[in-house]
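*Asks:* Mind having a look at this structure? Questions to follow.
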Amino acid sequence: MRRSGLRSWHAAALAAVGIAVGVALIGGISTSSAASQAKTVRVAIMTDCKGAFGFGYEPDIGGAEAALARYAHGKAKNKKKPSAGMTGITAGGANIKIVGYGCGNDTVPLAVTETKRLMEQAKADVMIGPLSGDEAVSVANYAKSHPKKTFIIGTAGSQDPTLQIAPKNVFRYHGDGAQWNAGTGEIAYRKLHWRKAAIIMDDYSFGWTSAAGLIADYCAMGGKITKRVFPPLNTTDYAPYIRQLPPPNSVDGYFWVVGGTGTGASLKAYEQAYGKTNPKKFVGNLFFAFLGNFSEVAPRLVGAYVGGFGTSPGLKTKAARAYEGNVAKIFPGLNGGNYADGFVYNYYNAAWALVQGLNKSHGALGAKLQSSLPRTLRPGYQVSGHGVLHLDKNRQAIQDQWPLQIVRKGGKPALTVVGFVPNVTQSFGGLFKKSSPPPGRTQPPCRKLKTPWQGKIRVVKNGVVTKGVIK
Amino acid sequence: MTGFRLPRLNRRQVPLLVVGAAVVFALAYVLLIAQKPPATGGGNWRTTTFGSAVDDPGSFLRIFLDSITFAGALFIVASGFALIFGLMRVVNMAHGAFYLLGGYIAYEIQQAMTGQGFAIPTSQVNTWEWVVPLLVAAPCIAFVGFVTQQGLLRWNQGQELRQALITIAISVIVADQIIAHFPRATSTVAQKFGGNAVSLSWPGWTDRFVNLHVAGVHYSLARLVMLGLGIAVGLALWLWLYRTKTGMVIRAGVDDQKMTSALGINIQRTFAIAFVLGSALAAFGAVVWASQANIAAGQDGQWLLNSLVVVIVGGMGSIFGAAAGAILYAFVLNFSATYLPTAGADCCTQYSIVVTFALIALVLAFRPQGLFGRPG
Amino acid sequence: MRWNVLRSSPKTTIERAIGAIALVLAALGPLVFNQYWAHQILIETFLFGIAAASLIFLSAYGGMVSLAQTALFGIAGVILGNLATRGGPGGTSKGLHLGWDPTVALVVAIAMTTAIGLMFGAIAARSIGIYFLMITLTYSVITTYFLGQVTLVSGFSGIGGINRYTPSWIGDLTGHPNRLYYVSLVAAVFTYVLIRYVVRTPFGITLQGVRDEPVRMSSLGYNVPLHRTLAFGFAAFLASLSGVLYVWWSGQIAPGNVDLPETISLLVIAVIGGLARIEGAWLGAFAFIIIQNYVRGFTFPFLGFGGTLFGGSFNTVIGIIFLLIVLISPDGLMGIWDRALAARSRVGRAGPSAEAPARTGG
């Protein structure tokens, strides 16, 4: 009795598998005949939902959708969960359909697979994304061989997509990892009087690129880097890498570019090697302030200076308040209410630029859209040029940057903007070129040079850009 | 037996000699040969960050202690993995996911007791505020382990690969659920959920340096406590396995499951105990390492790998093996990260992890069963 | 009623019929299926199937469950990427980019991977069972870290844009993805036929003897480690084909392609298909890729908690599906098939003896 039951169960399982495969096959065949509807723009939002930046999923999607709601009549299905979807989006006479959300894990292979899925299975015409540097490199490579599709990078910090590969259908309305740190090295030199410093950086392209921004600026002033340490990604115990750093009495400070899950771990390892962290001896990149690490870093380093994310938390301008208000209205409480996070802001601007492009192209896609995408934008945290951001000839943003400081507000650690670095270019005044070696463990070398903003970084107090220059 | 085996033994002696020579060279390099980098920069194959142990005994001792304390934490996590494998031949691929879940649960408890969504300064944490999270997290994970074993693994006994695959599926589910629901206690400016990095804090009394009175070294008490906890777990496991009746049953089960069952011993109960304890050790290790470093989505793979390596090198299923594997792994990793040459700024300490795993492959090539494992 | 046909026909006839239909469908692929199916799902199925077949070959005929196949797959891709690509503006900034002729690069990549496989095999040949699994896992981890740290050849970001450097006799693959489709299909069929041939040669038969009775074979004068090593080298050759196809398909290769999750994914593919039969490789790859692609849209109204299932993403659903497959059938989909047929034929013959003993890997 039992035996025969088992048999029919197996047959049922087999039949189920067969049906599943059959359905999938039919699905595969039938969708091929579905003609693409006229005047529907298919948009995909690519971000991460796993790995070190998995928490970026809702903030990224929320940023992009907030702009689609504000400028293209979109209605959020769930105000607390952007990934639930959005309906009724129209721009330039076309309906915008969000055909999928990409789920990467900060690695190249999955970014490629997801990009193919979104662009070919979900048949997206435009992608907003991806989230991280290496992913953007692979997306740019993909874009190069798919010129009819358009790619607006979400919030990725690598140089290659717009410097080396630079296909005509890739746009970036925010800075790269080096740009985000512009001005910070100079602050370390002028305000903290660093002359000899060590740097610890994640041993991969974003770590190198981000570090390059700090090194370029600081060395431009005449500072010296005495030691570079590169802990591999996914290091469990940071102790041996911290030991390689010169002890605190032999350097003026440390540039700290350890991210992902390593920021807090490496700082704790430092405390166990050399004792309490002195905020005057630490300058970090965006890992200190954003990307999920603030709660671990901030209590240890109240007073430390931090590079930015292209955003200006607490900036008191009309544009900034308008931007923050727009997001708050659509997705109240998104990203813990921290709308001045590059995850939200950069995706927002990308989607906004897309809406402007579609309005201008009247919903046309491909080359028409690419020539219609705006070469200027008026984003929330742009001040110079009367608030107008320009793209360079590689469709890469020239953007204001805002060095930050960790302070204590109402008894709790918070971020405040201390500097205003106007119109930061990708090239750092000629340091990064198509022909120059890309940022690496020893690139760029520590060299004196003149950055366009040297000596022009303005003091920001209480969210207001003052006339004073940081000395 | 001796007649045809002798020449084979000789052939094996050559690689053994090579390995021996390599070990001797590595020791000599660290102890004597290495040199400090010249003031002008540059250097050669002898140039390391610290120079030899004779030149700079203080740094050598610190790195020695870094290694042995790291081994303590590795051992706590890996001993749970080893226990489960040793008795039941289950390669618990969900060990890393259990670790992660345990760490996050402990984080939530500690935050509920003292926190505001920020990492808590160690000085504000008392012993209870560290112990209670541990006492909540460990049983929680033990329960998850119990359900896994009773519900899914028990009726697939003896099918090693299939059990491993079941635990892989569990790890996928658990890791995804962690991202969906943790961390819950976040500061106002941080994204809730999503599995971002958060950390536990050690109790305040650990936050100081101990003067060792050797070469002027002052060493972190927290790291020494971590070593102490590792040793305590090791001792407790040893007492339990070698000095109690349950332990003897377990060891008998390791040697011969059928025979043990035939003697009328309830091997299933013993299996359940081992799995529950092994899972609880994953949570214990997570509390220790989340206090030492942090806890974040994605570290499940990292700690699964750490456990696998420790157990592979040490010899599968033996507590001594896990200890030996943890020590070897920690020492090679830390010493190669600090004592590989630093000539030319772009070389070579970042290759420590490659060197480490090459050495592990070498160990396995000559002792496939690991250092303390029994063949077969 | 329909099953009566099954009862009277030998199993092989049905399988051949199914195989023939599958082959015809595959040969007509780009005509029958839409673009995404032909150029993504099926190409991916073919090439991951080849890698899985190399794993199943070692398991079914050599008694060795290897976790190094993903690593070898990646090694072939990285070598090809380094040799074939050119650097400079518009090119890739990572790797050696030697700019060799792609055909030469292809041959060298396959040869070098096979050689590395032989070396790996020689070291692992004396280990068996779970120990073999572990040492091959170590290979996979070494490969991941080597590629991640040695920026000269790869670095964490890997090498991109490789699909722009294909041999002239294949041509532009990004512009003509149908070519890649047929290249992959031919490679898959070639792999299948080659394995079926090899296991029938004296070497293959000896290998199966070594699998079942290593001690006896050794005392009969067969060199057991040598046979294992050669089998491993052969599997490395197959994995290298898969790796080459992969970099042509995706354009890039990175340590993320060979890390622990990817290594496990290939094992999952092989196990879903069934570790006992080569056909299972492509069946498993197909099922795996379909699941990965099509569980996104599902919503669960009562268990949702605002998300897909219990608040999680589609990964929770994927985990549950894999769990069910492993629980329902120890031998994967091929095992379900075999037993369903065996059960049917047993009904006809009214005797339980026809059921083949269930094989389990391990």
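Residues are named by chain letter and number: chains run A, B, ... in the order of the structure tokens, numbers start at 1 in each chain, and ligands are numbered from 1 in the order shown.
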Near Leu241 in chain C, counting only C-alpha atoms, which residues have an atom at most 8 Å away, once you skip same-chain residues fewer than 3 positions from it, shown as a list in words?
*Replies:*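 Here the qualifying residues turn out to be Ile50, Phe73, Ala76, Ile110, Ala187, Phe237, Leu238, Val244 and Leu245 of chain C.
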*Asks:* Quick check for you: according to DSSP on this backbone, which residues of range 121-188 of chain B are classed as alpha helix (DSSP H)? Reply as a VMD selection string.
*Replies:* chain B and resid 127 to 148 160 to 181
*Asks:* In terms of the shortest atom-to-atom distance over only C-alpha atoms, which of A:Gly307, A:Gly463, A:Pro438, A:Gly93 is closest to chain C?
*Replies:* A:Pro438
*Asks:* Pick out the chain B residues within 6 Å of chain A. Count only C-alpha atoms. Give them as a CSV table (one decimal) with N, CA and C atoms, in the first residue's frame.
*Replies:*
chain,number,residue,atom,x,y,z
B,118,PHE,N,23.4,53.2,18.3
B,118,PHE,CA,24.8,53.4,18.0
B,118,PHE,C,25.6,52.3,18.7
B,119,ALA,N,26.9,52.1,18.2
B,119,ALA,CA,27.7,51.2,18.9
B,119,ALA,C,27.9,51.8,20.3
B,188,THR,N,18.7,56.9,14.4
B,188,THR,CA,17.7,57.6,13.6
B,188,THR,C,18.2,57.8,12.1
B,189,VAL,N,19.5,57.9,11.9
B,189,VAL,CA,19.9,58.3,10.6
B,189,VAL,C,20.2,57.0,9.7
B,190,ALA,N,20.0,55.9,10.3
B,190,ALA,CA,20.4,54.7,9.5
B,190,ALA,C,19.2,53.9,9.0
B,191,GLN,N,19.5,53.2,7.9
B,191,GLN,CA,18.4,52.3,7.3
B,191,GLN,C,18.2,51.2,8.3
B,194,GLY,N,18.0,45.2,6.4
B,194,GLY,CA,19.0,45.1,5.3
B,194,GLY,C,20.3,44.5,5.7
B,196,ASN,N,22.8,45.6,7.7
B,196,ASN,CA,24.1,46.4,7.7
B,196,ASN,C,24.9,46.1,8.9
B,197,ALA,N,26.1,46.5,8.9
B,197,ALA,CA,27.1,46.2,10.0
B,197,ALA,C,26.7,46.8,11.3
B,220,SER,N,46.0,44.1,24.8
B,220,SER,CA,44.6,44.3,25.0
B,220,SER,C,44.0,43.2,25.9
B,293,ALA,N,34.8,42.5,16.7
B,293,ALA,CA,34.8,43.2,15.4
B,293,ALA,C,33.3,43.6,15.2
B,294,ASN,N,32.6,43.0,14.3
B,294,ASN,CA,31.2,43.4,14.1
B,294,ASN,C,30.4,42.2,13.5
B,298,GLY,N,26.5,38.8,4.9
B,298,GLY,CA,27.6,38.5,4.1
B,298,GLY,C,28.8,37.8,4.9
B,334,ASN,N,48.1,35.6,10.2
B,334,ASN,CA,48.6,36.8,10.8
B,334,ASN,C,50.1,37.1,10.5
B,337,ALA,N,50.7,38.1,7.0
B,337,ALA,CA,50.2,39.5,6.7
B,337,ALA,C,51.2,40.5,7.3
B,338,THR,N,52.1,40.1,8.2
B,338,THR,CA,53.0,41.0,8.8
B,338,THR,C,54.4,40.8,8.5
*Asks:* For the structure I just gave you, how does DSSP split range 119-295 of chain A - specifically, which residues are strand (DSSP E or B)? Reply as a PyMOL selection string.
*Replies:* chain A and resi 126-128+150-152+170-172+196-201+224-229+253-257+282-284
*Asks:* Tell me which protein, DNA and RNA residues are within 9 Å of Gly62 in chain A, counting only C-alpha atoms, leaving out same-chain ones fewer than 5 positions away, and put them as a list in words.
*Replies:*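 Neighbouring residues, sequence-local ones excluded: Tyr57, Ala67, Lys81, Pro82, Ser83, Val327, Ile330, Phe331, Leu334, Asn335, Val344, Tyr347 and Tyr348 of chain A.
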*Asks:* Using CA of Gly314 in chain A and CA of Arg458 in chain A as the two end points, give the distance in Å to one decimal.
*Replies:*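 Atom-to-atom, CA of Gly314 in chain A to CA of Arg458 in chain A, that is 16.0 Å.
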*Asks:* Which residues are close to Phe372 in chain B, i.e. within 6 Å by only C-alpha atoms, leaving aside same-chain residues fewer than 3 positions away? Reply as a PyMOL selection string.
*Replies:* chain B and resi 314-315+321
*Asks:* Create the file for the chosen residues now, containing C-alpha atoms and written as a compact mmCIF listing (two decimals), in the first residue's frame.
*Replies:*
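File written: part-v1.txt
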# COMPACT_ATOMS: atom_id res chain seq x y z
CA GLY B 314 42.96 20.15 11.95
CA GLY B 315 41.35 16.90 11.05
CA GLY B 321 42.13 18.94 15.50
*Asks:* Compile the contact shell of Asn346 in chain A as number ranges by chain: residues with an atom at most 7 Å away, counting only C-alpha atoms, same-chain residues fewer than 4 positions apart removed.
*Replies:* A: 154-155, 174, 342, 350
*Asks:* Produce a table with one row for each residue of chain B that has an atom at most 6 Å from any atom of chain C, each row naming the nearest atom pair and its distance in Å at one decimal; use only C-alpha atoms; arrange rows by chain and rising residue number; format as CSV.
*Replies:*
residue,atom,partner,partner_atom,distance
B:Glu160,CA,C:Gly362,CA,5.6
B:Leu161,CA,C:Gly362,CA,4.9
B:Ile166,CA,C:Leu323,CA,5.8
B:Ala169,CA,C:Gly319,CA,4.8
B:Val172,CA,C:Gly319,CA,5.4
B:Ile173,CA,C:Thr316,CA,4.6
B:Asp176,CA,C:Thr316,CA,5.9
B:Gln177,CA,C:Gly312,CA,5.2
B:Ala180,CA,C:Gly312,CA,5.0
B:Val354,CA,C:Phe146,CA,5.6
B:Phe357,CA,C:Ile142,CA,5.6
B:Ala365,CA,C:Ile123,CA,5.5
B:Pro368,CA,C:Ser127,CA,5.7
*Asks:* Could the residues in this selection be written to a file with N, CA and C atoms, as a PDB file, in the first residue's frame?
*Replies:*
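What landed in out_14.pdb:
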ATOM      1  N   GLU B 160      25.639  11.895   3.226  1.00  0.00           N
ATOM      2  CA  GLU B 160      26.426  13.076   3.581  1.00  0.00           C
ATOM      3  C   GLU B 160      26.164  14.254   2.653  1.00  0.00           C
ATOM      4  N   LEU B 161      26.215  13.965   1.348  1.00  0.00           N
ATOM      5  CA  LEU B 161      26.109  15.054   0.391  1.00  0.00           C
ATOM      6  C   LEU B 161      24.709  15.681   0.451  1.00  0.00           C
ATOM      7  N   ILE B 166      21.004  20.078   2.027  1.00  0.00           N
ATOM      8  CA  ILE B 166      19.874  20.570   2.822  1.00  0.00           C
ATOM      9  C   ILE B 166      20.321  21.776   3.638  1.00  0.00           C
ATOM     10  N   ALA B 169      20.610  24.875   1.543  1.00  0.00           N
ATOM     11  CA  ALA B 169      19.318  25.514   1.313  1.00  0.00           C
ATOM     12  C   ALA B 169      18.886  26.301   2.544  1.00  0.00           C
ATOM     13  N   VAL B 172      20.724  29.586   2.747  1.00  0.00           N
ATOM     14  CA  VAL B 172      20.196  30.592   1.824  1.00  0.00           C
ATOM     15  C   VAL B 172      18.967  31.261   2.430  1.00  0.00           C
ATOM     16  N   ILE B 173      18.084  30.444   2.991  1.00  0.00           N
ATOM     17  CA  ILE B 173      16.848  30.987   3.560  1.00  0.00           C
ATOM     18  C   ILE B 173      17.155  31.859   4.772  1.00  0.00           C
ATOM     19  N   ASP B 176      18.792  35.198   3.920  1.00  0.00           N
ATOM     20  CA  ASP B 176      17.850  36.148   3.328  1.00  0.00           C
ATOM     21  C   ASP B 176      16.901  36.710   4.375  1.00  0.00           C
ATOM     22  N   GLN B 177      16.472  35.872   5.285  1.00  0.00           N
ATOM     23  CA  GLN B 177      15.573  36.336   6.340  1.00  0.00           C
ATOM     24  C   GLN B 177      16.280  37.316   7.274  1.00  0.00           C
ATOM     25  N   ALA B 180      16.126  40.599   5.783  1.00  0.00           N
ATOM     26  CA  ALA B 180      14.778  41.160   5.830  1.00  0.00           C
ATOM     27  C   ALA B 180      14.423  41.707   7.214  1.00  0.00           C
ATOM     28  N   VAL B 354      46.599  34.383   0.111  1.00  0.00           N
ATOM     29  CA  VAL B 354      46.948  33.397  -0.910  1.00  0.00           C
ATOM     30  C   VAL B 354      47.982  32.422  -0.353  1.00  0.00           C
ATOM     31  N   PHE B 357      46.372  29.922   2.058  1.00  0.00           N
ATOM     32  CA  PHE B 357      45.630  28.801   1.481  1.00  0.00           C
ATOM     33  C   PHE B 357      46.524  27.864   0.688  1.00  0.00           C
ATOM     34  N   ALA B 365      47.781  17.935   0.956  1.00  0.00           N
ATOM     35  CA  ALA B 365      48.401  17.041  -0.019  1.00  0.00           C
ATOM     36  C   ALA B 365      49.142  15.913   0.686  1.00  0.00           C
ATOM     37  N   PRO B 368      45.899  14.139   3.900  1.00  0.00           N
ATOM     38  CA  PRO B 368      44.534  14.441   3.455  1.00  0.00           C
ATOM     39  C   PRO B 368      43.540  14.454   4.609  1.00  0.00           C
TER      40      PRO B 368
END
*Asks:* Separation of CA of Tyr345 in chain A and CA of Phe309 in chain A, in Å?
*Replies:*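 These two atoms are separated by 9.2 Å.
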*Asks:* May I ask which of the residues A:Val258, A:Ala351, A:Ala166, A:Leu68 is the closest one to chain C, counting only C-alpha atoms?
*Replies:*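 Among the listed residues, A:Ala166 lies closest to chain C.
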*Asks:* Using only C-alpha atoms, pick whichever of A:Asp392, A:Glu120, A:Asp400, A:Asp217 has the shortest atom-to-atom distance to chain C.
*Replies:*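 So, comparing all the options, the nearest one is A:Glu120.
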*Asks:* Can you work out which one of A:Thr311, A:Thr209, A:Ser435, A:Asn462 has the shortest atom-to-atom distance to chain C, counting only C-alpha atoms?
*Replies:*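 Smallest distance to chain C is found for A:Ser435.
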*Asks:* Compute the set of chain C residues within 6 Å of chain A, using only C-alpha atoms, and express it as JSON, numbers by chain.
*Replies:* {"C": [33, 34, 36, 89, 90, 156, 157, 161, 256, 257, 340]}
*Asks:* Considering only C-alpha atoms, return as a PyMOL selection string whatever protein or nucleic-acid residues lie within 9 Å of range 51-60 of chain C, sequence-local ones (same chain, fewer than 6 positions apart) excluded.
*Replies:* chain C and resi 66-70+73+191-192+195+199+208+211+228+231-232+234-243+266-267+269-271+273-282+284-285+361-362
*Asks:* Write out as a list of chain:residue names which residues come within 9 Å of Ile105 in chain B when counting only C-alpha atoms, dropping same-chain ones fewer than 3 positions away.
*Replies:*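 Within the cut-off, the hits are B:Leu100, B:Leu101, B:Gly102, B:Glu108, B:Ile109, B:Gln110, B:Pro133, B:Leu134, B:Val136, B:Ala137, B:Cys140, B:Phe182, B:Pro183.
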*Asks:* How would the residues just picked look written out with all heavy atoms as an mmCIF file, in the first residue's frame?
*Replies:*
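That gives us selection_12.cif:
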data_model
loop_
_atom_site.group_PDB
_atom_site.id
_atom_site.type_symbol
_atom_site.label_atom_id
_atom_site.label_comp_id
_atom_site.auth_asym_id
_atom_site.auth_seq_id
_atom_site.Cartn_x
_atom_site.Cartn_y
_atom_site.Cartn_z
ATOM 1 N N LEU B 100 25.619 34.108 12.072
ATOM 2 C CA LEU B 100 25.125 35.454 11.792
ATOM 3 C C LEU B 100 23.846 35.740 12.577
ATOM 4 O O LEU B 100 23.706 36.804 13.196
ATOM 5 C CB LEU B 100 24.864 35.560 10.292
ATOM 6 C CG LEU B 100 24.868 36.940 9.667
ATOM 7 C CD1 LEU B 100 26.171 37.639 9.967
ATOM 8 C CD2 LEU B 100 24.684 36.823 8.170
ATOM 9 N N LEU B 101 22.936 34.796 12.561
ATOM 10 C CA LEU B 101 21.670 34.978 13.261
ATOM 11 C C LEU B 101 21.920 35.157 14.752
ATOM 12 O O LEU B 101 21.352 36.054 15.400
ATOM 13 C CB LEU B 101 20.743 33.779 12.997
ATOM 14 C CG LEU B 101 19.327 33.875 13.543
ATOM 15 C CD1 LEU B 101 18.622 35.097 13.003
ATOM 16 C CD2 LEU B 101 18.537 32.620 13.198
ATOM 17 N N GLY B 102 22.801 34.335 15.300
ATOM 18 C CA GLY B 102 23.137 34.449 16.719
ATOM 19 C C GLY B 102 23.692 35.825 17.050
ATOM 20 O O GLY B 102 23.311 36.446 18.048
ATOM 21 N N GLU B 108 20.580 42.741 19.228
ATOM 22 C CA GLU B 108 19.293 43.341 19.581
ATOM 23 C C GLU B 108 19.105 43.371 21.099
ATOM 24 O O GLU B 108 18.598 44.341 21.645
ATOM 25 C CB GLU B 108 18.137 42.565 18.937
ATOM 26 C CG GLU B 108 18.146 42.568 17.409
ATOM 27 C CD GLU B 108 18.069 43.965 16.805
ATOM 28 O OE1 GLU B 108 17.538 44.873 17.470
ATOM 29 O OE2 GLU B 108 18.571 44.149 15.680
ATOM 30 N N ILE B 109 19.524 42.284 21.756
ATOM 31 C CA ILE B 109 19.359 42.232 23.210
ATOM 32 C C ILE B 109 20.226 43.293 23.878
ATOM 33 O O ILE B 109 19.766 44.040 24.752
ATOM 34 C CB ILE B 109 19.744 40.828 23.751
ATOM 35 C CG1 ILE B 109 18.970 39.735 23.020
ATOM 36 C CG2 ILE B 109 19.509 40.755 25.252
ATOM 37 C CD1 ILE B 109 17.512 39.708 23.281
ATOM 38 N N GLN B 110 21.491 43.391 23.437
ATOM 39 C CA GLN B 110 22.374 44.371 24.079
ATOM 40 C C GLN B 110 21.863 45.791 23.838
ATOM 41 O O GLN B 110 21.881 46.629 24.731
ATOM 42 C CB GLN B 110 23.818 44.228 23.571
ATOM 43 C CG GLN B 110 24.795 44.914 24.503
ATOM 44 C CD GLN B 110 26.233 44.766 24.072
ATOM 45 O OE1 GLN B 110 26.580 45.078 22.943
ATOM 46 N NE2 GLN B 110 27.071 44.286 24.968
ATOM 47 N N PRO B 133 22.881 38.912 26.581
ATOM 48 C CA PRO B 133 22.718 38.655 25.138
ATOM 49 C C PRO B 133 23.232 37.284 24.721
ATOM 50 O O PRO B 133 22.598 36.579 23.927
ATOM 51 C CB PRO B 133 23.565 39.760 24.497
ATOM 52 C CG PRO B 133 23.551 40.861 25.475
ATOM 53 C CD PRO B 133 23.531 40.212 26.824
ATOM 54 N N LEU B 134 24.352 36.890 25.321
ATOM 55 C CA LEU B 134 24.889 35.567 25.021
ATOM 56 C C LEU B 134 23.917 34.484 25.459
ATOM 57 O O LEU B 134 23.638 33.538 24.720
ATOM 58 C CB LEU B 134 26.243 35.395 25.728
ATOM 59 C CG LEU B 134 26.855 34.001 25.679
ATOM 60 C CD1 LEU B 134 27.184 33.620 24.253
ATOM 61 C CD2 LEU B 134 28.088 33.925 26.546
ATOM 62 N N VAL B 136 20.801 34.625 25.760
ATOM 63 C CA VAL B 136 19.584 34.568 24.945
ATOM 64 C C VAL B 136 19.903 34.003 23.560
ATOM 65 O O VAL B 136 19.207 33.124 23.042
ATOM 66 C CB VAL B 136 18.930 35.971 24.817
ATOM 67 C CG1 VAL B 136 17.738 35.904 23.888
ATOM 68 C CG2 VAL B 136 18.529 36.480 26.191
ATOM 69 N N ALA B 137 20.989 34.514 22.972
ATOM 70 C CA ALA B 137 21.299 34.138 21.588
ATOM 71 C C ALA B 137 21.632 32.655 21.464
ATOM 72 O O ALA B 137 21.149 31.977 20.549
ATOM 73 C CB ALA B 137 22.451 34.994 21.057
ATOM 74 N N CYS B 140 18.642 30.377 21.490
ATOM 75 C CA CYS B 140 17.846 30.599 20.275
ATOM 76 C C CYS B 140 18.418 29.795 19.110
ATOM 77 O O CYS B 140 17.698 29.106 18.380
ATOM 78 C CB CYS B 140 17.842 32.086 19.890
ATOM 79 S SG CYS B 140 16.771 33.089 20.900
ATOM 80 N N PHE B 182 16.852 42.160 10.146
ATOM 81 C CA PHE B 182 17.884 42.701 11.042
ATOM 82 C C PHE B 182 18.722 43.734 10.314
ATOM 83 O O PHE B 182 18.865 43.649 9.094
ATOM 84 C CB PHE B 182 18.791 41.569 11.548
ATOM 85 C CG PHE B 182 18.123 40.637 12.508
ATOM 86 C CD1 PHE B 182 17.676 39.392 12.083
ATOM 87 C CD2 PHE B 182 17.933 41.007 13.827
ATOM 88 C CE1 PHE B 182 17.043 38.533 12.962
ATOM 89 C CE2 PHE B 182 17.300 40.144 14.708
ATOM 90 C CZ PHE B 182 16.862 38.906 14.273
ATOM 91 N N PRO B 183 19.351 44.674 11.020
ATOM 92 C CA PRO B 183 19.192 44.977 12.435
ATOM 93 C C PRO B 183 17.930 45.790 12.673
ATOM 94 O O PRO B 183 17.540 46.572 11.828
ATOM 95 C CB PRO B 183 20.436 45.810 12.746
ATOM 96 C CG PRO B 183 20.775 46.459 11.463
ATOM 97 C CD PRO B 183 20.337 45.543 10.371
#
*Asks:* Rounded to one decimal, what separation in Å do you get between CA of Lys360 in chain A and CA of Leu373 in chain A?
*Replies:*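 Separation between CA of Lys360 in chain A and CA of Leu373 in chain A: 7.7 Å.
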*Asks:* So, with only C-alpha atoms as the atoms that count, which of B:Gly325, B:Gly228, B:Gly96, B:Gly117 lies closest to Lys192 in chain B?
*Replies:*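 Distance minimum relative to Lys192 in chain B lands on B:Gly117.
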